[in-house]
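The file coords04.cif contains mmCIF, C-alpha atoms:
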```cif
data_input
loop_
_atom_site.label_atom_id
_atom_site.label_comp_id
_atom_site.auth_asym_id
_atom_site.auth_seq_id
_atom_site.Cartn_x
_atom_site.Cartn_y
_atom_site.Cartn_z
CA MET V 1 -215.34 10.32 -117.45
CA THR V 2 -212.03 8.47 -117.61
CA ILE V 3 -209.06 10.58 -118.58
CA ALA V 4 -206.17 8.74 -120.24
CA SER V 5 -202.72 9.15 -118.75
CA ASP V 6 -200.16 11.34 -120.46
CA ASP V 7 -198.09 8.27 -121.32
CA ALA V 8 -201.07 6.50 -122.88
CA VAL V 9 -201.93 9.50 -125.01
CA SER V 10 -198.30 10.02 -126.01
CA SER V 11 -197.83 6.42 -127.10
CA ARG V 12 -200.62 6.85 -129.66
CA PHE V 13 -199.78 10.40 -130.68
CA ILE V 14 -195.98 10.36 -131.09
CA ALA V 15 -194.68 9.11 -134.45
CA SER V 16 -193.21 5.61 -134.41
CA ARG V 17 -189.96 6.90 -135.94
CA MET V 18 -189.15 8.50 -132.58
CA ARG V 19 -188.79 5.04 -131.07
CA ARG V 20 -185.79 4.47 -133.34
CA ILE V 21 -183.65 7.00 -131.50
CA ALA V 22 -182.52 7.85 -127.98
CA VAL V 23 -181.74 11.13 -126.26
CA SER V 24 -178.13 12.24 -126.86
CA ALA V 25 -176.06 10.66 -124.09
CA SER V 26 -173.51 13.46 -124.14
CA ASN V 27 -176.18 16.15 -123.92
CA ALA V 28 -177.95 14.26 -121.14
CA ALA V 29 -174.73 13.88 -119.14
CA GLY V 30 -173.93 17.56 -119.50
CA GLN V 31 -177.43 18.52 -118.42
CA ARG V 32 -177.19 16.19 -115.42
CA ALA V 33 -173.92 17.84 -114.40
CA ARG V 34 -175.49 21.31 -114.63
CA GLU V 35 -178.45 20.17 -112.53
CA LEU V 36 -176.19 18.75 -109.83
CA VAL V 37 -174.13 21.93 -109.67
CA ALA V 38 -177.32 24.04 -109.51
CA ALA V 39 -178.51 21.86 -106.64
CA GLY V 40 -175.32 22.64 -104.74
CA GLN V 41 -173.66 19.26 -105.12
CA ASP V 42 -169.89 19.00 -105.32
CA VAL V 43 -169.22 17.41 -108.69
CA VAL V 44 -166.46 17.67 -111.28
CA ASP V 45 -167.92 17.75 -114.78
CA LEU V 46 -165.63 15.99 -117.25
CA THR V 47 -168.27 15.62 -119.96
CA ILE V 48 -167.81 19.04 -121.53
CA GLY V 49 -167.75 18.85 -125.34
CA GLU V 50 -166.71 22.42 -125.97
CA PRO V 51 -163.61 24.58 -125.51
CA HIS V 52 -163.40 26.32 -122.16
CA PHE V 53 -162.02 29.46 -123.82
CA ASN V 54 -164.15 32.49 -124.61
CA THR V 55 -164.83 33.42 -128.22
CA PRO V 56 -161.94 35.68 -129.37
CA PRO V 57 -162.71 39.43 -129.02
CA ASN V 58 -162.28 40.20 -132.74
CA ILE V 59 -165.03 37.71 -133.58
CA ILE V 60 -167.37 39.14 -130.97
CA GLU V 61 -166.69 42.66 -132.26
CA ALA V 62 -167.50 41.56 -135.81
CA ALA V 63 -170.88 40.31 -134.59
CA VAL V 64 -171.56 43.57 -132.75
CA GLU V 65 -170.67 45.60 -135.83
CA ALA V 66 -172.95 43.41 -137.94
CA MET V 67 -175.86 44.09 -135.61
CA ARG V 68 -175.16 47.80 -135.56
CA GLY V 69 -174.91 47.76 -139.34
CA GLY V 70 -178.34 46.24 -139.74
CA GLN V 71 -177.27 42.68 -140.67
CA THR V 72 -180.23 41.29 -138.74
CA ARG V 73 -182.44 40.08 -141.57
CA TYR V 74 -182.84 36.86 -143.50
CA THR V 75 -179.94 35.80 -145.68
CA THR V 76 -179.71 33.29 -148.49
CA VAL V 77 -180.98 29.98 -147.12
CA ASP V 78 -177.64 28.17 -147.28
CA GLY V 79 -175.43 31.10 -146.26
CA SER V 80 -174.63 34.60 -147.42
CA PRO V 81 -172.30 35.10 -150.41
CA ARG V 82 -169.79 36.76 -148.08
CA LEU V 83 -169.73 33.77 -145.75
CA LYS V 84 -169.49 31.32 -148.63
CA LYS V 85 -166.49 33.23 -149.97
CA ALA V 86 -164.81 32.98 -146.54
CA ILE V 87 -165.54 29.25 -146.40
CA ALA V 88 -164.20 28.74 -149.93
CA ASN V 89 -161.04 30.65 -149.02
CA LYS V 90 -160.61 28.49 -145.92
CA PHE V 91 -160.97 25.24 -147.89
CA ALA V 92 -158.48 26.45 -150.51
CA ARG V 93 -155.97 27.83 -148.00
CA GLU V 94 -155.96 24.98 -145.50
CA ASN V 95 -157.12 21.90 -147.41
CA GLY V 96 -156.25 22.54 -151.06
CA LEU V 97 -159.92 22.17 -152.02
CA ASN V 98 -161.64 24.44 -154.51
CA PHE V 99 -165.39 25.00 -154.17
CA SER V 100 -167.76 27.42 -155.87
CA ASN V 101 -170.56 29.06 -153.90
CA ALA V 102 -172.97 26.50 -155.34
CA GLU V 103 -170.90 23.73 -153.73
CA ILE V 104 -170.98 25.23 -150.21
CA ILE V 105 -173.68 25.21 -147.56
CA ALA V 106 -173.81 26.86 -144.14
CA SER V 107 -176.21 25.60 -141.48
CA THR V 108 -177.10 25.94 -137.82
CA GLY V 109 -174.15 23.88 -136.66
CA ALA V 110 -172.21 21.05 -138.26
CA LYS V 111 -174.77 18.66 -136.77
CA GLN V 112 -177.46 20.12 -139.01
CA VAL V 113 -175.16 19.85 -142.03
CA ILE V 114 -174.68 16.13 -141.37
CA PHE V 115 -178.37 15.56 -140.70
CA ASN V 116 -179.28 17.40 -143.90
CA ALA V 117 -176.89 15.22 -145.88
CA LEU V 118 -178.21 11.97 -144.42
CA LEU V 119 -181.89 12.88 -144.70
CA THR V 120 -181.34 14.01 -148.27
CA THR V 121 -179.67 10.77 -149.38
CA VAL V 122 -180.45 7.80 -147.14
CA GLU V 123 -183.41 5.59 -148.08
CA GLU V 124 -185.11 2.99 -145.91
CA GLY V 125 -182.67 0.11 -145.43
CA ASP V 126 -179.59 1.93 -146.70
CA GLU V 127 -176.41 1.35 -144.70
CA VAL V 128 -173.94 3.92 -143.38
CA ILE V 129 -170.58 2.63 -142.19
CA CYS V 130 -169.32 4.26 -138.98
CA PRO V 131 -166.08 3.20 -137.31
CA SER V 132 -166.79 3.05 -133.59
CA PRO V 133 -166.35 4.46 -131.06
CA CYS V 134 -168.16 7.29 -132.79
CA TRP V 135 -170.03 10.44 -131.85
CA VAL V 136 -173.34 9.55 -130.21
CA SER V 137 -175.45 11.41 -132.79
CA TYR V 138 -174.28 9.57 -135.92
CA PRO V 139 -176.20 6.31 -135.36
CA GLU V 140 -179.31 8.11 -134.15
CA MET V 141 -179.43 10.43 -137.15
CA ILE V 142 -178.98 7.47 -139.49
CA ARG V 143 -181.78 5.53 -137.78
CA LEU V 144 -184.13 8.50 -137.97
CA THR V 145 -183.73 8.58 -141.76
CA GLY V 146 -184.67 4.89 -141.95
CA GLY V 147 -181.10 3.81 -142.59
CA GLU V 148 -179.00 1.32 -140.68
CA PRO V 149 -175.77 2.36 -138.96
CA ILE V 150 -173.07 -0.25 -139.50
CA LEU V 151 -170.84 0.21 -136.48
CA LEU V 152 -167.39 -1.30 -136.90
CA PRO V 153 -165.75 -1.56 -133.45
CA CYS V 154 -162.15 -0.33 -133.45
CA THR V 155 -160.27 -1.23 -130.29
CA MET V 156 -157.62 0.60 -128.33
CA ASP V 157 -155.01 -1.81 -129.73
CA SER V 158 -155.74 -0.47 -133.22
CA GLY V 159 -155.59 3.13 -132.04
CA PHE V 160 -159.40 3.16 -132.35
CA LYS V 161 -158.97 3.25 -136.14
CA LEU V 162 -160.58 1.32 -138.97
CA THR V 163 -158.42 -0.81 -141.25
CA PRO V 164 -158.81 -1.03 -145.05
CA GLN V 165 -159.52 -4.76 -144.80
CA ARG V 166 -162.44 -4.25 -142.43
CA LEU V 167 -163.81 -1.47 -144.58
CA ARG V 168 -163.83 -3.64 -147.69
CA ALA V 169 -165.50 -6.49 -145.81
CA ALA V 170 -168.25 -4.19 -144.50
CA ILE V 171 -169.36 -2.75 -147.84
CA THR V 172 -172.53 -4.26 -149.29
CA SER V 173 -174.92 -3.43 -152.10
CA ARG V 174 -176.87 -1.29 -149.59
CA THR V 175 -173.91 0.82 -148.42
CA LYS V 176 -174.59 4.52 -149.04
CA TRP V 177 -171.94 6.34 -147.01
CA LEU V 178 -168.67 5.88 -145.17
CA LEU V 179 -168.74 8.38 -142.29
CA LEU V 180 -165.32 9.39 -140.96
CA ASN V 181 -164.58 11.72 -138.04
CA SER V 182 -160.92 12.71 -137.70
CA PRO V 183 -159.81 13.81 -135.17
CA SER V 184 -162.40 11.66 -133.49
CA ASN V 185 -164.93 12.25 -130.77
CA PRO V 186 -164.57 10.34 -128.44
CA SER V 187 -161.22 8.61 -129.06
CA GLY V 188 -159.05 11.41 -130.45
CA ALA V 189 -157.93 9.10 -133.27
CA VAL V 190 -156.49 10.86 -136.34
CA TYR V 191 -156.34 9.28 -139.81
CA THR V 192 -153.20 10.04 -141.76
CA GLU V 193 -153.15 10.93 -145.44
CA ALA V 194 -151.79 7.46 -146.22
CA GLU V 195 -154.62 5.80 -144.28
CA LEU V 196 -157.22 7.87 -146.10
CA LYS V 197 -155.64 6.98 -149.44
CA ALA V 198 -155.88 3.29 -148.52
CA PHE V 199 -159.60 3.72 -147.86
CA GLY V 200 -159.96 5.69 -151.07
CA LYS V 201 -158.39 3.00 -153.21
CA ILE V 202 -160.95 0.53 -151.89
CA LEU V 203 -163.83 2.92 -152.54
CA LEU V 204 -162.76 3.27 -156.18
CA ASP V 205 -164.13 -0.26 -156.54
CA PHE V 206 -167.50 0.82 -155.10
CA PRO V 207 -168.70 3.84 -157.08
CA ASN V 208 -172.05 4.04 -155.27
CA VAL V 209 -170.48 4.62 -151.85
CA TRP V 210 -169.98 8.25 -150.84
CA VAL V 211 -167.75 9.66 -148.08
CA LEU V 212 -168.79 12.09 -145.37
CA CYS V 213 -165.81 13.59 -143.51
CA ASP V 214 -166.63 15.33 -140.24
CA ASP V 215 -163.55 17.54 -139.74
CA ILE V 216 -164.90 19.64 -136.87
CA TYR V 217 -161.78 19.03 -134.70
CA GLU V 218 -159.39 19.73 -137.58
CA HIS V 219 -157.22 22.25 -135.75
CA ILE V 220 -157.07 20.42 -132.43
CA ILE V 221 -154.27 18.04 -133.31
CA TYR V 222 -151.05 17.23 -131.48
CA ASP V 223 -147.46 16.04 -131.63
CA GLY V 224 -146.69 17.46 -135.05
CA GLN V 225 -149.28 15.40 -136.87
CA LYS V 226 -150.57 16.78 -140.15
CA PHE V 227 -154.30 16.95 -140.73
CA SER V 228 -155.73 15.40 -143.89
CA THR V 229 -159.23 14.95 -145.28
CA MET V 230 -160.47 12.53 -147.92
CA ALA V 231 -161.23 15.00 -150.74
CA SER V 232 -157.64 16.27 -150.68
CA ALA V 233 -155.96 12.94 -149.90
CA MET V 234 -157.90 11.21 -152.67
CA PRO V 235 -158.99 13.76 -155.33
CA GLU V 236 -160.50 10.95 -157.40
CA LEU V 237 -163.26 10.76 -154.76
CA ALA V 238 -163.91 14.49 -154.45
CA HIS V 239 -167.02 14.23 -156.64
CA ARG V 240 -168.63 11.95 -154.04
CA THR V 241 -167.23 13.40 -150.82
CA LEU V 242 -168.89 15.87 -148.45
CA THR V 243 -166.37 17.73 -146.28
CA VAL V 244 -168.03 19.03 -143.11
CA ASN V 245 -166.58 21.56 -140.70
CA GLY V 246 -167.61 24.48 -138.52
CA VAL V 247 -166.42 27.25 -136.25
CA SER V 248 -167.50 25.75 -132.92
CA LYS V 249 -164.40 23.88 -131.74
CA SER V 250 -161.52 25.75 -133.42
CA TYR V 251 -162.81 29.23 -132.55
CA SER V 252 -164.65 28.52 -129.27
CA MET V 253 -167.99 29.33 -130.88
CA THR V 254 -170.18 26.38 -129.87
CA GLY V 255 -173.12 28.59 -128.88
CA TRP V 256 -173.03 30.53 -132.16
CA ARG V 257 -174.29 27.43 -134.02
CA LEU V 258 -172.56 27.74 -137.37
CA GLY V 259 -171.42 24.76 -139.42
CA TYR V 260 -170.62 24.39 -143.09
CA ALA V 261 -169.66 21.93 -145.79
CA GLY V 262 -168.28 21.73 -149.30
CA GLY V 263 -169.30 19.02 -151.71
CA PRO V 264 -170.91 18.08 -155.02
CA ARG V 265 -173.30 20.68 -156.34
CA VAL V 266 -176.22 18.26 -156.74
CA LEU V 267 -175.99 17.17 -153.11
CA VAL V 268 -175.55 20.69 -151.74
CA ARG V 269 -178.54 21.88 -153.76
CA GLU V 270 -180.81 19.22 -152.25
CA MET V 271 -179.49 19.88 -148.74
CA ALA V 272 -180.31 23.58 -149.21
CA LYS V 273 -183.80 22.62 -150.39
CA LEU V 274 -184.33 20.63 -147.20
CA GLN V 275 -182.99 23.48 -145.09
CA SER V 276 -185.34 25.93 -146.80
CA GLN V 277 -188.25 23.93 -145.39
CA SER V 278 -186.82 23.48 -141.90
CA THR V 279 -184.67 26.15 -140.28
CA SER V 280 -184.00 28.38 -143.30
CA ASN V 281 -180.76 30.36 -143.00
CA PRO V 282 -178.40 30.15 -140.01
CA SER V 283 -178.29 33.26 -137.81
CA SER V 284 -177.16 36.30 -139.79
CA ILE V 285 -175.14 37.46 -136.77
CA SER V 286 -173.38 34.10 -136.46
CA GLN V 287 -172.59 34.25 -140.15
CA ALA V 288 -170.92 37.64 -139.76
CA ALA V 289 -168.92 36.32 -136.80
CA ALA V 290 -167.89 33.25 -138.79
CA VAL V 291 -166.57 35.41 -141.62
CA GLU V 292 -164.23 37.10 -139.14
CA ALA V 293 -163.26 33.75 -137.62
CA LEU V 294 -162.30 32.29 -140.99
CA ASP V 295 -160.78 35.42 -142.57
CA GLY V 296 -159.31 37.08 -139.49
CA PRO V 297 -156.20 36.37 -137.38
CA GLN V 298 -155.65 32.68 -136.66
CA ASP V 299 -153.19 32.95 -133.77
CA THR V 300 -155.68 31.88 -131.09
CA VAL V 301 -156.34 28.60 -132.90
CA ALA V 302 -152.77 27.37 -132.43
CA ALA V 303 -152.55 28.85 -128.94
CA HIS V 304 -155.66 27.01 -127.80
CA ALA V 305 -154.44 23.73 -129.32
CA ALA V 306 -151.15 24.12 -127.42
CA GLU V 307 -153.04 24.56 -124.16
CA PHE V 308 -155.22 21.55 -124.92
CA ARG V 309 -152.04 19.49 -125.40
CA ILE V 310 -150.83 20.47 -121.93
CA GLN V 311 -154.18 19.48 -120.46
CA ARG V 312 -154.20 16.22 -122.44
CA ASP V 313 -150.82 15.25 -121.01
CA LEU V 314 -151.98 16.18 -117.52
CA MET V 315 -155.07 13.98 -117.76
CA VAL V 316 -153.36 11.02 -119.46
CA GLY V 317 -150.59 11.12 -116.86
CA ALA V 318 -153.07 11.17 -113.99
CA LEU V 319 -155.15 8.32 -115.42
CA GLY V 320 -152.00 6.23 -115.82
CA ASN V 321 -151.73 6.02 -112.03
CA ILE V 322 -155.24 4.67 -111.48
CA PRO V 323 -155.61 0.92 -110.82
CA GLY V 324 -157.91 -0.84 -113.28
CA ILE V 325 -157.84 2.01 -115.82
CA SER V 326 -155.78 2.06 -119.01
CA CYS V 327 -155.61 5.00 -121.37
CA ASN V 328 -153.84 5.74 -124.63
CA THR V 329 -152.74 9.24 -125.65
CA PRO V 330 -155.19 10.82 -128.10
CA ALA V 331 -153.70 12.39 -131.22
CA GLY V 332 -156.41 15.04 -131.54
CA ALA V 333 -159.66 16.55 -130.20
CA PHE V 334 -160.01 17.14 -126.44
CA TYR V 335 -161.18 13.81 -125.06
CA VAL V 336 -159.66 10.65 -123.66
CA PHE V 337 -161.40 7.30 -123.98
CA PRO V 338 -159.94 5.07 -121.26
CA SER V 339 -160.70 1.40 -120.79
CA CYS V 340 -162.27 0.42 -117.49
CA ALA V 341 -161.96 -3.31 -118.18
CA GLY V 342 -159.78 -3.65 -115.08
CA VAL V 343 -162.62 -2.71 -112.74
CA ILE V 344 -165.36 -4.84 -114.33
CA GLY V 345 -166.45 -7.53 -111.88
CA LYS V 346 -165.36 -5.58 -108.81
CA THR V 347 -167.70 -4.46 -106.04
CA THR V 348 -168.34 -1.01 -104.61
CA PRO V 349 -168.06 -0.31 -100.87
CA GLU V 350 -171.88 -0.48 -100.77
CA GLY V 351 -171.82 -4.00 -102.23
CA ARG V 352 -172.89 -3.26 -105.82
CA ARG V 353 -171.07 -5.16 -108.55
CA ILE V 354 -169.60 -3.23 -111.49
CA ASP V 355 -170.76 -5.25 -114.50
CA SER V 356 -170.40 -2.64 -117.26
CA ASP V 357 -169.01 0.76 -118.15
CA THR V 358 -172.49 2.15 -117.46
CA ASP V 359 -172.27 0.80 -113.90
CA PHE V 360 -168.80 2.29 -113.54
CA VAL V 361 -169.88 5.74 -114.72
CA ALA V 362 -172.81 5.62 -112.28
CA TYR V 363 -170.36 4.78 -109.52
CA LEU V 364 -168.15 7.70 -110.52
CA LEU V 365 -171.15 10.01 -110.30
CA GLU V 366 -171.63 8.89 -106.69
CA SER V 367 -167.97 9.75 -106.20
CA GLY V 368 -168.47 13.27 -107.55
CA VAL V 369 -167.29 12.89 -111.16
CA VAL V 370 -169.54 13.16 -114.22
CA ALA V 371 -168.36 11.03 -117.18
CA ILE V 372 -170.01 9.29 -120.15
CA ALA V 373 -170.11 5.53 -120.67
CA GLY V 374 -168.34 4.14 -123.72
CA SER V 375 -171.46 2.17 -124.64
CA ALA V 376 -173.01 5.48 -125.77
CA TYR V 377 -170.26 5.69 -128.37
CA GLY V 378 -170.52 2.09 -129.49
CA LEU V 379 -167.55 0.58 -127.63
CA SER V 380 -167.39 -0.94 -124.16
CA PRO V 381 -165.96 -1.15 -121.57
CA HIS V 382 -164.69 2.42 -121.92
CA PHE V 383 -165.70 5.87 -120.73
CA ARG V 384 -165.17 9.35 -122.12
CA LEU V 385 -163.61 12.24 -120.27
CA SER V 386 -163.07 15.75 -121.60
CA PHE V 387 -159.96 17.78 -120.82
CA ALA V 388 -161.54 20.96 -122.23
CA THR V 389 -161.74 22.35 -118.72
CA SER V 390 -159.49 23.85 -116.07
CA GLN V 391 -156.34 22.12 -114.88
CA HIS V 392 -157.81 22.17 -111.38
CA ALA V 393 -160.87 20.23 -112.60
CA ILE V 394 -158.63 17.70 -114.37
CA ILE V 395 -156.47 17.12 -111.30
CA GLU V 396 -159.41 16.96 -108.88
CA GLY V 397 -161.52 14.80 -111.20
CA CYS V 398 -158.74 12.27 -111.72
CA ARG V 399 -158.02 12.23 -107.98
CA ARG V 400 -161.65 11.33 -107.32
CA ILE V 401 -161.60 8.63 -109.99
CA ARG V 402 -158.45 7.16 -108.44
CA ASP V 403 -159.94 7.18 -104.96
CA ALA V 404 -163.11 5.56 -106.29
CA CYS V 405 -161.14 2.79 -108.00
CA ILE V 406 -159.03 2.14 -104.91
CA ARG V 407 -162.23 1.64 -102.90
CA LEU V 408 -163.41 -1.14 -105.22
CA ARG V 409 -162.97 -4.73 -104.07
#
```

Taking this structure as input, can you express it in the form of structure tokens?
Amino acid sequence: MTIASDDAVSSRFIASRMRRIAVSASNAAGQRARELVAAGQDVVDLTIGEPHFNTPPNIIEAAVEAMRGGQTRYTTVDGSPRLKKAIANKFARENGLNFSNAEIIASTGAKQVIFNALLTTVEEGDEVICPSPCWVSYPEMIRLTGGEPILLPCTMDSGFKLTPQRLRAAITSRTKWLLLNSPSNPSGAVYTEAELKAFGKILLDFPNVWVLCDDIYEHIIYDGQKFSTMASAMPELAHRTLTVNGVSKSYSMTGWRLGYAGGPRVLVREMAKLQSQSTSNPSSISQAAAVEALDGPQDTVAAHAAEFRIQRDLMVGALGNIPGISCNTPAGAFYVFPSCAGVIGKTTPEGRRIDSDTDFVAYLLESGVVAIAGSAYGLSPHFRLSFATSQHAIIEGCRRIRDACIRLR
């Protein structure tokens, strides 16, 4: 009897839709770094997409009290009334947005919120406009729904930001969403209120195009800049805007998996329907912790952002002394997105030519630094580094990058 290989069986068994997407490059890089460390290799991991701070004690205590108090059962699918009230208060207090409970959804991370929104709305062939570089998961989620991501490359010269003219030119009869992430992963770009208004005025001419604002890095913003989001900058578009956020980045709660959004009731209702048939409610314990995060003291949020700014300046300064590398200063988030154009075409000491940012990142790995190629984010030749780590790791990682670049010929 002939037994088919695993690959042969899989190719027939796995749904064709899975060929539309790739494994998350950022997750894969982080996993690779963990594997290398576990194997005893000396590497500096600069891929980390989460704060290096611990969750504040008051939030942890709220979770413990919730468990002791028996809050360990199912909740309403899209979030408990208590959590929705805390989310509504946050939106009103910080963004000037007023949502009822029926206009709010909580999910297992902001990623699930975004996926719910896209799967609920995007039909086969619909287009979603994404300024790039953009988070690695946006295009893949869009493709999985049958939609087409329209990536609009935004270069370093433009501050990695979309212009109103390019937005207008990109809109077609198939455009369903404009997806904005500010502050941005990976570039740290921040859209001002005036820039959002300029986009909004264009979208008034296209009533079938909705706006999804991923504001997950809202509180990690520098140099006195003021955060703005589309629904508050352009109230005329609030009825077709989904404002997404979460507790992961601002409150160092990545592992708690709690994201949320406020938006039109009809959309939120359908997203909750989808969630009821997938994950159901987010963790009841995480919900209790999120209530404390949103309603409790906010002093750690500003303190952490101040420390991130110090680490940003440390990394940007170090990268500025590396031949072949150029880097702007990000206005928000905790990443830099340097250009490695100056090393393309050079040769490693072993005789391998650097033809792309992927080649360069592979070379850095050999030099003991884990980074992510800009191609994963839709813009080459760049690479992403995270400064959400220790100052020692930043200094040592940048030293290794410098030494690696000096060795190129």

Who sits within 12 Å of Glu140 of chain V, only C-alpha atoms, same chain under 4 positions skipped, as a VMD selection string
chain V and resid 17 to 25 111 114 to 115 118 to 119 128 130 134 to 136 144 to 151 376 to 378

Here atom CA of Gly296 of chain V and atom CA of Asn58 of chain V stand apart by 8.0 Å

**Message:** With all atoms listed in the file as the counted atoms, please give the residues lying no more than 12 Å from Gly345 of chain V, apart from itself and same-chain residues fewer than 4 positions off, as a ChimeraX atom specification.
**Reply:** /V:324,340-341,351-357,359-360,381,408-409

**Request:** Output the residue selection produced by the PyMOL selection byres ((chain V and resi 233) around 10) on the file above, formatted as a ChimeraX atom specification.
**Result:** /V:95-96,192-198,200,228-232,234-238

May I have the residues from that selection written out with C-alpha atoms, as an mmCIF file, in the frame of the given file?
```
data_model
loop_
_atom_site.group_PDB
_atom_site.id
_atom_site.type_symbol
_atom_site.label_atom_id
_atom_site.label_comp_id
_atom_site.auth_asym_id
_atom_site.auth_seq_id
_atom_site.Cartn_x
_atom_site.Cartn_y
_atom_site.Cartn_z
ATOM 1 C CA ASN V 95 -157.120 21.900 -147.410
ATOM 2 C CA GLY V 96 -156.250 22.540 -151.060
ATOM 3 C CA THR V 192 -153.200 10.040 -141.760
ATOM 4 C CA GLU V 193 -153.150 10.930 -145.440
ATOM 5 C CA ALA V 194 -151.790 7.460 -146.220
ATOM 6 C CA GLU V 195 -154.620 5.800 -144.280
ATOM 7 C CA LEU V 196 -157.220 7.870 -146.100
ATOM 8 C CA LYS V 197 -155.640 6.980 -149.440
ATOM 9 C CA ALA V 198 -155.880 3.290 -148.520
ATOM 10 C CA GLY V 200 -159.960 5.690 -151.070
ATOM 11 C CA SER V 228 -155.730 15.400 -143.890
ATOM 12 C CA THR V 229 -159.230 14.950 -145.280
ATOM 13 C CA MET V 230 -160.470 12.530 -147.920
ATOM 14 C CA ALA V 231 -161.230 15.000 -150.740
ATOM 15 C CA SER V 232 -157.640 16.270 -150.680
ATOM 16 C CA MET V 234 -157.900 11.210 -152.670
ATOM 17 C CA PRO V 235 -158.990 13.760 -155.330
ATOM 18 C CA GLU V 236 -160.500 10.950 -157.400
ATOM 19 C CA LEU V 237 -163.260 10.760 -154.760
ATOM 20 C CA ALA V 238 -163.910 14.490 -154.450
#
```

Which residues fall under the PyMOL selection byres ((chain V and resi 202-205) around 10) in this file, as a compact mmCIF listing (two decimals) with C-alpha atoms, keeping the file's coordinate frame?
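To be explicit, this is the file written out as expr03.txt:
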```txt
# COMPACT_ATOMS: atom_id res chain seq x y z
CA PRO V 164 -158.81 -1.03 -145.05
CA GLN V 165 -159.52 -4.76 -144.80
CA LEU V 167 -163.81 -1.47 -144.58
CA ARG V 168 -163.83 -3.64 -147.69
CA ILE V 171 -169.36 -2.75 -147.84
CA LEU V 178 -168.67 5.88 -145.17
CA LYS V 197 -155.64 6.98 -149.44
CA ALA V 198 -155.88 3.29 -148.52
CA PHE V 199 -159.60 3.72 -147.86
CA GLY V 200 -159.96 5.69 -151.07
CA LYS V 201 -158.39 3.00 -153.21
CA PHE V 206 -167.50 0.82 -155.10
CA PRO V 207 -168.70 3.84 -157.08
CA ASN V 208 -172.05 4.04 -155.27
CA VAL V 209 -170.48 4.62 -151.85
CA TRP V 210 -169.98 8.25 -150.84
CA VAL V 211 -167.75 9.66 -148.08
CA MET V 234 -157.90 11.21 -152.67
CA GLU V 236 -160.50 10.95 -157.40
CA LEU V 237 -163.26 10.76 -154.76
```

I need every residue sitting at most 8 Å from the point (-161.6, 19.3, -136.8) (coordinates as in the file, only C-alpha atoms considered), written as a compact mmCIF listing (two decimals) with C-alpha atoms, in the frame of the given file.
```
# COMPACT_ATOMS: atom_id res chain seq x y z
CA SER V 182 -160.92 12.71 -137.70
CA PRO V 183 -159.81 13.81 -135.17
CA ASP V 214 -166.63 15.33 -140.24
CA ASP V 215 -163.55 17.54 -139.74
CA ILE V 216 -164.90 19.64 -136.87
CA TYR V 217 -161.78 19.03 -134.70
CA GLU V 218 -159.39 19.73 -137.58
CA HIS V 219 -157.22 22.25 -135.75
CA ILE V 220 -157.07 20.42 -132.43
CA ASN V 245 -166.58 21.56 -140.70
CA LYS V 249 -164.40 23.88 -131.74
CA SER V 250 -161.52 25.75 -133.42
CA ALA V 333 -159.66 16.55 -130.20
```

- Give as a ChimeraX atom specification the residues that the PyMOL selection byres ((chain V and resi 83) around 8) matches when applied to the coordinates above. /V:79-82,84-87,287-288,290-291

Would you mind exporting C-alpha atoms of the selected residues as a PDB file, in the frame of the given file?
```
ATOM      1  CA  GLY V  79    -175.430  31.100-146.260  1.00  0.00           C
ATOM      2  CA  SER V  80    -174.630  34.600-147.420  1.00  0.00           C
ATOM      3  CA  PRO V  81    -172.300  35.100-150.410  1.00  0.00           C
ATOM      4  CA  ARG V  82    -169.790  36.760-148.080  1.00  0.00           C
ATOM      5  CA  LYS V  84    -169.490  31.320-148.630  1.00  0.00           C
ATOM      6  CA  LYS V  85    -166.490  33.230-149.970  1.00  0.00           C
ATOM      7  CA  ALA V  86    -164.810  32.980-146.540  1.00  0.00           C
ATOM      8  CA  ILE V  87    -165.540  29.250-146.400  1.00  0.00           C
ATOM      9  CA  GLN V 287    -172.590  34.250-140.150  1.00  0.00           C
ATOM     10  CA  ALA V 288    -170.920  37.640-139.760  1.00  0.00           C
ATOM     11  CA  ALA V 290    -167.890  33.250-138.790  1.00  0.00           C
ATOM     12  CA  VAL V 291    -166.570  35.410-141.620  1.00  0.00           C
TER      13      VAL V 291
END
```

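Here the question is which of V:Glu65, V:Glu307, V:Glu50, V:Asp403 gets nearest to Asn321 of chain V using all atoms listed in the file, and that residue is V:Asp403.
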
Counting only C-alpha atoms, closest pick from V:Tyr363, V:Phe387, V:Tyr138, V:Tyr335 relative to Val113 of chain V is V:Tyr138

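Nearest-residue note for Ala293 of chain V: choosing from V:Gly397, V:Pro56, V:Pro133, V:Pro139, the minimum distance belongs to V:Pro56, counting only C-alpha atoms.
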
What separates atom CA of Glu124 of chain V and atom CA of Ser16 of chain V is a distance of 14.3 Å

Atom pair atom CA of Glu366 of chain V + atom CA of Phe53 of chain V, distance 28.4 Å

Counting only C-alpha atoms, the residue of V:Val44, V:Leu365, V:Ala371, V:Val37 that sits nearest Arg384 of chain V |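 Comparing V:Val44, V:Leu365, V:Ala371, V:Val37 against Arg384 of chain V, the winner is V:Ala371.
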